[in-house]
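Undergrad: Take this structure first; my questions come after.
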Amino acid sequence: MGVVRKKLLLVDDSSVVLMTEKLALSSAYDLVFAKNGLEALEKASIERPDLILLDVVMPKMNGFETCKELRSREETKTTPIIMVTTRGESTNIDSGFESGCTDYVLKPFNNLDLITKIRKYLGE
């Protein structure tokens, strides 16, 4: 029996960012994708990811709102959530942590830095 791979939910309205994350992470993890906050909530509920990478600026529901909602749900209240965003201003970073995120990564991200953070939060 093979090793059980951890599952990551990647949430971003940019297909370029999702492709970049996919290239960086697909060899090590099972990936699930969502294009906005509402889709992320649905996928998180069904897929039960081990970790979530969450964009901030998205249509329908932004990352802060999505993060707060994920934290209010039993199945995702302790799931590591890493915000991945171009918004590096301290007010945005503060908003991310206030909404319940575990960590914050700025785009464009360094793949090795991102993978290092993911491994840390997955206990690998």
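Within each chain, counting starts at residue 1; across the structure tokens, chains are named A, B, ... in the order shown, with ligands numbered 1 upward in that order.
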Can you list, as an NGL selection string, all residues belonging to chain A that DSSP tags as strand (DSSP E or B)?

TA: :A and (7-11 or 30-34 or 51-54 or 81-85 or 103-106)

Undergrad: Just to be explicit: take each residue in the selection above, keep C-alpha atoms, and write the result as a compact mmCIF listing (two decimals), in the first residue's frame.

TA:
# COMPACT_ATOMS: atom_id res chain seq x y z
CA LYS A 7 -4.47 17.02 0.00
CA LEU A 8 -4.17 20.75 -0.66
CA LEU A 9 -6.97 23.10 -1.68
CA LEU A 10 -5.63 25.87 -3.93
CA VAL A 11 -7.92 28.90 -4.16
CA ASP A 30 -3.06 15.76 -4.25
CA LEU A 31 -4.49 19.07 -5.42
CA VAL A 32 -8.02 20.44 -5.47
CA PHE A 33 -8.76 23.80 -7.11
CA ALA A 34 -11.29 26.58 -6.52
CA LEU A 51 -4.03 22.59 4.04
CA ILE A 52 -5.51 25.52 2.10
CA LEU A 53 -3.66 28.11 -0.02
CA LEU A 54 -6.01 31.09 -0.25
CA ILE A 81 -4.65 28.27 5.84
CA ILE A 82 -1.86 30.14 4.06
CA MET A 83 -2.90 33.40 2.41
CA VAL A 84 -1.12 33.82 -0.95
CA THR A 85 -1.48 37.37 -2.23
CA ASP A 103 0.51 32.25 7.57
CA TYR A 104 0.91 34.73 4.74
CA VAL A 105 2.94 34.43 1.50
CA LEU A 106 3.43 37.23 -1.01

Undergrad: Might you pull out every residue within 12 Å of Ser95 of chain A, with only C-alpha atoms counted and same-chain residues fewer than 3 positions away left off, and present them as a ChimeraX atom specification?

TA: /A:56,62-65,67-68,83,87-92,98-104

Undergrad: So which residues touch Glu21 of chain A within 10 Å, counting only C-alpha atoms, skipping near sequence neighbours fewer than 2 positions away, as number ranges by chain?

TA: A: 10, 12, 15-19, 23-26, 31, 53, 109, 111, 114-115

Undergrad: I'd like the interatomic distance between atom CA of Phe97 of chain A and atom CA of Lys22 of chain A, to a tenth of an Å.

TA: 24.9 Å

Undergrad: Kindly indicate which residue among A:Pro80, A:Gly123, A:Gly37, A:Gly96 lies nearest to Lys60 of chain A, using only C-alpha atoms for the distances.

TA: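 Closest to Lys60 of chain A of all the choices is A:Gly37.
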